[in-house]
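Contents: one structure, followed by commentary.
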Amino acid sequence: MANKTVANEHHGFPWKHLIGFVLSIVLTLFALWIALETDLSMTWILIIIFGFAFLQAALQLLMFMHVTENSTKSNLTSRVQIGNILFAAFVAIVIVIGSVWVMAAGHAKHDKHQHSPKTENHENHGGGSEHDSGEHGSHE
Amino acid sequence: MKWDEFFVTGDPMIYGADVSIVLTMVGILFYLTKYKKWKWLWDEWLTTVDHKKLGIMYIVSAVLMLFRGGVDALLMRTQLAVPEAKFLDSQHYNEIFTTHGTIMIIFMAMPFLIGLINVVVPLQIGARDVAYPYLNAVSFWTFFIGAMLFNISFVIGGSPSAGWTSYMPLASNELSPGPGQNYYLLGLQIAGIGTLLTGINFLVTILKMRAPGMTLFRMPMFTWSSLVTMVIIIFAFPILTVALALMTFDRLFGSHFFTLQGAGMDMLWANLFWLWGHPEVYIVILPAFGMFSEIISTFSRKTLFGYKAMIWSMLLIAGYSFLVWVHHFFTMGSGALVNSVFSITTMAIGIPTGVKIFNWLFTMYRGKIQFTTPMLWSLGFIVNFVIGGVTGVMLAMAAADYQYHNTYFLVSHFHYVLIAGTVFACFAGLIYWYPKMFGYKLNERIGKWVFWVFTIGFNVCFFPQYFLGLDGMPRRVYTYSEESGWGPLNMVSTIGGFMMGIAFLILVYNMYYSFRYAKRETTGDAWDGRTLEWSTPTAMPPFYNFAKIPEVTGLDHFWRQKQAGKVEKLKVEDIKPIHMPSNSGVPFIMASFFFVAGFGMVFDWMWMAIAGMIGVFATLFYRSFEYDDGYYVSVEEVIETEKISK
């Protein structure tokens, strides 16, 4: 087997990927900073980091995942794309809303109430994120 | 850490395992060196990107894992054969049922099916390889390394013992100290990378690399089932990846996602695990359905009945598979509404499955059935799988499930669907495509012995367990009292278990026997098949599969060509240079670094984990700047390989 390389078809520097990568990291670090270092209320923290999460998902679809790509040769590609996106949305909704529903209903709800961040935050006079409320609660 | 904490000590069986591992390693090294096979091993196997060879390596690994998981099973059955047995202590028993479950699902069933998909799907769609051959090698090696990392746990550091479901808080540092549970987390995480990559690879392969004329609705059923499976893999495996990562954070870095303290939610692990775990069930059953469809159609001499109904039922199953996960923990107590909803979705998923069963029956109706061994396994599947399905619908009723939950009724149910479904399919598919992989059939007479001993043993083993479950025997207990009255049925069950073990040995003997004595196939069409993989002129296709890519005009293209007497002969002027991917050792090296990183994480040796990850990134970096776009096979070489006269 003669290993003869074929002229490569990659051209140019992948700016799109690099920008997407850097922005993703920035958004993640920013979310971390909001959650750990600010004095915003729990509701606002959740709203903001959820906003960042949706922003980052959109960014990644745009920068890495060829969401705008379309095939002129056949409509199969675009149909597959649309089907994939719809199924992805379906699965995402099932995972998130389904989990919240299942974990918050019935006995699970009762169980959760005892450990819920709300109760703990209440004891610690609010503020702080869910996870550091236990450790940093004392100096609030 | 002292050396006697590093190695597992104190159990004679483990010492026996140590000795046999060392002897096997020495034996392999001696063989490779004496017969100068090192270069052959590296060139032909370790660096290969050929989907057929990767598929064979998947299958060989899966058979080895079947042996390991089977030994685990027999150890458990031996312990349970009589009341209050002293063969295994409770910790050892816990470790064994954990590794049995994990290995059989993740390291046996999945690689066995993915191996057969690797060998068959590119051939069935008339492609020369998969879309990303290099990625395919990465998939295999990360799976293999993940499996090896998980497997060494029983001699180094100790095995996980929290069950294959690893529920929190049992799997937490407090209740499962030591490296055992870390092996589970890291082994599955690394193997999961491979599975996810396989999902992407084969989705693209099936969508983009089909031969001209093969529209989606002309694809063979096994290819269709693989396509649907890949979609489920792509959407389900990220859930496992995230859940495993979160638990790894809990265990290694002190986070509180699933812990009892710090507002963690222990049952959220169960929720996430089954959000992946239920689609996983369909990942291991849909390819099996595909294989049975091919085999039943071939040996009934008929086109598959209800082709489109089969496809739509699979798509429906793929959607439903994400909507039933709570039925694994009805007893968590999410309330009547949640349980009712998931009860109904669970019963609903039985409908498309029932459609498929009837389609297979109608395919056979008025067909000229040939009772070959793959066909026997398929017939055995229909009967036994229906028993598993019916008991599944019983379990689906949430109110009744409070009675069945965590008993041997459940154990028997999932063995009836997983063995009669997946394992029967693995055997059937292996025998059916064996001539495609090795150039000769497995012996049919010995094969029939395997089928009967295994199927009878399977029923003797698991049918009594339904009644043990109804009598209240819980799963995962290492012993039980004389007064419980469970002794006799357990003894029967153990006898059945050993019959399955014997059947496995006969199967291995059959591989040896057929290797020595079987008649070598002279054509590519060993079973008078219907789909493109049988259209290659030689029994084992050359590395480029097809000298000329076939043009497909309809379903069962090759069969209809044969019926019309118009099988195309390859002509010299049809041959053009063939573009093929180059071999690469990087995937193997990358996976080895993953092993180093994983092993470091398991023992919380961060210097080692970081060193391993640096190695992984170095191989990624190297690959990014490697401009090797493959090579061309010359027309002369193709002519010589195909042995056609000018």
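Residues are referred to by chain and number: the chain letter is A, B, ... according to the order shown in the structure tokens, the number counts from 1 in that chain, and ligands are numbered separately from 1 in the order shown.
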Alpha helix (DSSP H) call set, DSSP backbone run, segment 282-319 of chain B, as an MDAnalysis selection string:
chainID B and resid 282:300 307:319
Any idea which chain B residues end up within 9 Å of chain A if we count only C-alpha atoms, as an NGL selection string please?
:B and (207 or 231 or 235-236 or 239 or 255-257 or 260-265 or 267-268 or 271-272 or 275 or 319 or 322-323 or 326 or 332-338 or 582 or 627-633)
Which polymer residues have any atom within 9 Å of an atom of segment 114-117 of chain B, counting only C-alpha atoms, with same-chain residues fewer than 3 positions away left out, as a compact mmCIF listing (two decimals) with N, CA and C atoms, in the first residue's frame?
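Just written: around-v5.txt:
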# COMPACT_ATOMS: atom_id res chain seq x y z
N HIS B 51 -13.30 -0.78 8.63
CA HIS B 51 -14.48 -1.04 9.46
C HIS B 51 -14.68 -2.52 9.73
N LYS B 52 -14.25 -3.41 8.79
CA LYS B 52 -14.46 -4.84 9.00
C LYS B 52 -13.55 -5.36 10.10
N LEU B 54 -12.12 -3.48 12.52
CA LEU B 54 -12.57 -2.90 13.79
C LEU B 54 -13.78 -3.66 14.31
N GLY B 55 -14.67 -4.02 13.40
CA GLY B 55 -15.86 -4.78 13.79
C GLY B 55 -15.47 -6.11 14.41
N ILE B 56 -14.50 -6.80 13.79
CA ILE B 56 -14.07 -8.09 14.33
C ILE B 56 -13.45 -7.90 15.71
N MET B 57 -12.67 -6.82 15.88
CA MET B 57 -12.06 -6.58 17.20
C MET B 57 -13.13 -6.28 18.25
N TYR B 58 -14.17 -5.53 17.84
CA TYR B 58 -15.30 -5.29 18.75
C TYR B 58 -15.90 -6.63 19.18
N ILE B 59 -16.12 -7.52 18.20
CA ILE B 59 -16.80 -8.77 18.51
C ILE B 59 -15.92 -9.65 19.39
N VAL B 60 -14.62 -9.71 19.08
CA VAL B 60 -13.72 -10.52 19.92
C VAL B 60 -13.74 -10.00 21.36
N ALA B 62 -16.11 -8.37 22.78
CA ALA B 62 -17.42 -8.64 23.36
C ALA B 62 -17.53 -10.09 23.81
N ALA B 109 -23.00 -6.37 25.40
CA ALA B 109 -24.09 -6.20 24.44
C ALA B 109 -23.80 -5.10 23.43
N MET B 110 -23.42 -3.91 23.92
CA MET B 110 -23.19 -2.79 23.00
C MET B 110 -22.06 -3.06 22.02
N PRO B 111 -20.85 -3.45 22.48
CA PRO B 111 -19.80 -3.70 21.48
C PRO B 111 -20.11 -4.85 20.53
N VAL B 120 -21.17 -4.93 8.96
CA VAL B 120 -22.22 -5.15 7.97
C VAL B 120 -22.73 -3.87 7.31
N VAL B 121 -22.96 -2.81 8.09
CA VAL B 121 -23.68 -1.65 7.54
C VAL B 121 -22.99 -1.02 6.32
N PRO B 122 -21.68 -0.74 6.37
CA PRO B 122 -21.08 -0.17 5.16
C PRO B 122 -21.24 -1.08 3.94
N THR B 195 -18.69 5.33 22.26
CA THR B 195 -20.05 5.05 21.81
C THR B 195 -20.64 6.28 21.12
N THR B 198 -19.21 6.67 17.76
CA THR B 198 -19.81 5.69 16.85
C THR B 198 -21.17 6.18 16.37
N PHE B 202 -21.78 6.65 12.37
CA PHE B 202 -22.67 5.81 11.56
C PHE B 202 -23.91 6.58 11.10
N PHE B 222 -31.66 -3.90 8.63
CA PHE B 222 -30.60 -3.79 9.65
C PHE B 222 -29.96 -2.41 9.59
N THR B 223 -29.79 -1.87 8.39
CA THR B 223 -29.25 -0.52 8.27
C THR B 223 -30.21 0.50 8.88
N SER B 226 -29.98 0.33 12.55
CA SER B 226 -28.74 0.96 13.01
C SER B 226 -28.88 2.47 12.99
N PRO B 287 -30.93 -2.81 17.07
CA PRO B 287 -30.11 -3.54 16.10
C PRO B 287 -30.45 -5.03 16.08
N CYS B 426 -27.17 -11.47 18.91
CA CYS B 426 -25.71 -11.47 18.74
C CYS B 426 -25.26 -12.82 18.19
N GLY B 429 -26.68 -13.13 14.55
CA GLY B 429 -25.95 -12.27 13.63
C GLY B 429 -24.53 -12.76 13.42
N LEU B 430 -23.90 -13.21 14.51
CA LEU B 430 -22.52 -13.70 14.39
C LEU B 430 -22.47 -14.89 13.44
N TRP B 433 -23.35 -13.73 9.69
CA TRP B 433 -22.33 -12.95 8.97
C TRP B 433 -20.92 -13.52 9.17
So, with only C-alpha atoms as the atoms that count, which of B:Pro212, B:Pro133, B:Pro541, B:Gly178 lies closest to Leu197 of chain B?
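Of all the options, B:Pro133 lies closest to Leu197 of chain B.
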Write out as a list in words each polymer residue whose atoms come within 8 Å of Ala309 of chain B, counting only C-alpha atoms; drop sequence neighbours fewer than 3 positions from it.
Gly306, Trp312, Ser313, Val355 and Lys356 of chain B
Between atom CA of Glu568 of chain B and atom CA of Lys436 of chain B, distance in Å (one decimal):
19.8 Å
Distance query Gly469 of chain B at most 7 Å, only C-alpha atoms, self and fewer than 4 positions along chain excluded, as a ChimeraX atom specification:
/B:404,407-409,465,473-474
Deliver the residues from the most recent selection as a file, using all heavy atoms, as a compact mmCIF listing (two decimals), in the first residue's frame.
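The resulting again.txt:
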# COMPACT_ATOMS: atom_id res chain seq x y z
N TYR B 404 -43.87 -6.10 42.48
CA TYR B 404 -42.77 -6.76 41.74
C TYR B 404 -41.42 -6.09 41.98
O TYR B 404 -40.38 -6.70 41.79
CB TYR B 404 -43.03 -6.72 40.23
CG TYR B 404 -44.35 -7.23 39.77
CD1 TYR B 404 -45.14 -6.47 38.89
CD2 TYR B 404 -44.81 -8.48 40.17
CE1 TYR B 404 -46.35 -6.94 38.44
CE2 TYR B 404 -46.04 -8.95 39.73
CZ TYR B 404 -46.80 -8.17 38.87
OH TYR B 404 -48.00 -8.63 38.42
N THR B 407 -37.70 -7.44 42.95
CA THR B 407 -37.74 -8.87 43.20
C THR B 407 -37.16 -9.62 42.00
O THR B 407 -36.85 -9.03 40.98
CB THR B 407 -39.18 -9.38 43.39
OG1 THR B 407 -39.86 -9.27 42.14
CG2 THR B 407 -39.91 -8.60 44.47
N TYR B 408 -37.06 -10.95 42.15
CA TYR B 408 -36.57 -11.76 41.04
C TYR B 408 -37.52 -11.77 39.86
O TYR B 408 -37.13 -12.17 38.77
CB TYR B 408 -36.24 -13.18 41.53
CG TYR B 408 -34.77 -13.28 41.84
CD1 TYR B 408 -34.29 -12.82 43.06
CD2 TYR B 408 -33.87 -13.75 40.91
CE1 TYR B 408 -32.94 -12.84 43.33
CE2 TYR B 408 -32.52 -13.77 41.18
CZ TYR B 408 -32.06 -13.31 42.39
OH TYR B 408 -30.72 -13.31 42.64
N PHE B 409 -38.78 -11.31 40.06
CA PHE B 409 -39.69 -11.19 38.91
C PHE B 409 -39.10 -10.22 37.90
O PHE B 409 -39.05 -10.48 36.70
CB PHE B 409 -41.05 -10.69 39.39
CG PHE B 409 -42.12 -10.77 38.34
CD1 PHE B 409 -42.84 -11.94 38.14
CD2 PHE B 409 -42.40 -9.68 37.52
CE1 PHE B 409 -43.81 -12.02 37.16
CE2 PHE B 409 -43.36 -9.76 36.54
CZ PHE B 409 -44.08 -10.93 36.36
N GLN B 465 -37.35 -18.03 38.15
CA GLN B 465 -37.13 -16.77 38.86
C GLN B 465 -38.38 -15.90 38.90
O GLN B 465 -38.55 -15.10 39.81
CB GLN B 465 -35.95 -16.02 38.25
CG GLN B 465 -34.63 -16.75 38.49
CD GLN B 465 -33.42 -15.98 38.00
OE1 GLN B 465 -33.54 -14.83 37.57
NE2 GLN B 465 -32.27 -16.62 38.03
N MET B 473 -38.76 -13.15 46.77
CA MET B 473 -37.30 -13.12 46.88
C MET B 473 -36.76 -11.83 46.27
O MET B 473 -36.96 -11.55 45.10
CB MET B 473 -36.68 -14.32 46.14
CG MET B 473 -35.16 -14.32 46.27
SD MET B 473 -34.43 -15.86 45.72
CE MET B 473 -32.70 -15.44 45.69
N PRO B 474 -36.09 -10.99 47.08
CA PRO B 474 -35.56 -9.74 46.54
C PRO B 474 -34.30 -9.99 45.71
O PRO B 474 -33.60 -10.98 45.93
CB PRO B 474 -35.23 -8.92 47.78
CG PRO B 474 -35.22 -9.86 48.92
CD PRO B 474 -35.75 -11.18 48.49
Skip Thr373 of chain B itself and residues of its chain fewer than 3 positions away, then list as a PyMOL selection string all residues within 12 Å of it, counting only C-alpha atoms.
chain B and resi 295-296+299+370+376-380+424-425+427-434+441-452+507+527
Please save C-alpha atoms of the selected residues as a short mmCIF file (atom, residue, chain, number, x, y, z; two decimals), in the first residue's frame.
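Saved result, out-v2.cif, follows:
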data_model
loop_
_atom_site.label_atom_id
_atom_site.label_comp_id
_atom_site.auth_asym_id
_atom_site.auth_seq_id
_atom_site.Cartn_x
_atom_site.Cartn_y
_atom_site.Cartn_z
CA ILE B 295 -32.37 -13.36 8.92
CA ILE B 296 -36.10 -14.16 8.90
CA PHE B 299 -34.48 -17.90 5.38
CA GLN B 370 -34.99 -23.11 6.10
CA LEU B 376 -33.39 -21.13 14.92
CA TRP B 377 -32.08 -18.30 17.09
CA SER B 378 -34.59 -15.95 15.44
CA LEU B 379 -37.50 -18.32 16.09
CA GLY B 380 -36.31 -18.83 19.67
CA PHE B 424 -29.90 -14.36 20.76
CA ALA B 425 -29.44 -11.64 18.11
CA PHE B 427 -25.42 -15.23 18.25
CA ALA B 428 -27.74 -15.22 15.23
CA GLY B 429 -25.95 -12.27 13.63
CA LEU B 430 -22.52 -13.70 14.39
CA ILE B 431 -23.38 -17.03 12.75
CA TYR B 432 -25.18 -15.36 9.83
CA TRP B 433 -22.33 -12.95 8.97
CA TYR B 434 -19.50 -15.28 10.08
CA LYS B 441 -19.52 -20.90 8.08
CA LEU B 442 -19.67 -22.15 11.63
CA ASN B 443 -20.60 -25.81 11.74
CA GLU B 444 -24.39 -26.11 11.58
CA ARG B 445 -24.69 -29.39 13.52
CA ILE B 446 -22.66 -28.13 16.49
CA GLY B 447 -24.48 -24.81 16.16
CA LYS B 448 -27.81 -26.54 16.66
CA TRP B 449 -26.48 -28.13 19.84
CA VAL B 450 -25.47 -24.69 21.07
CA PHE B 451 -28.94 -23.35 20.32
CA TRP B 452 -30.84 -26.11 22.10
CA LEU B 507 -19.94 -22.29 20.82
CA TRP B 527 -26.74 -18.05 2.45
#
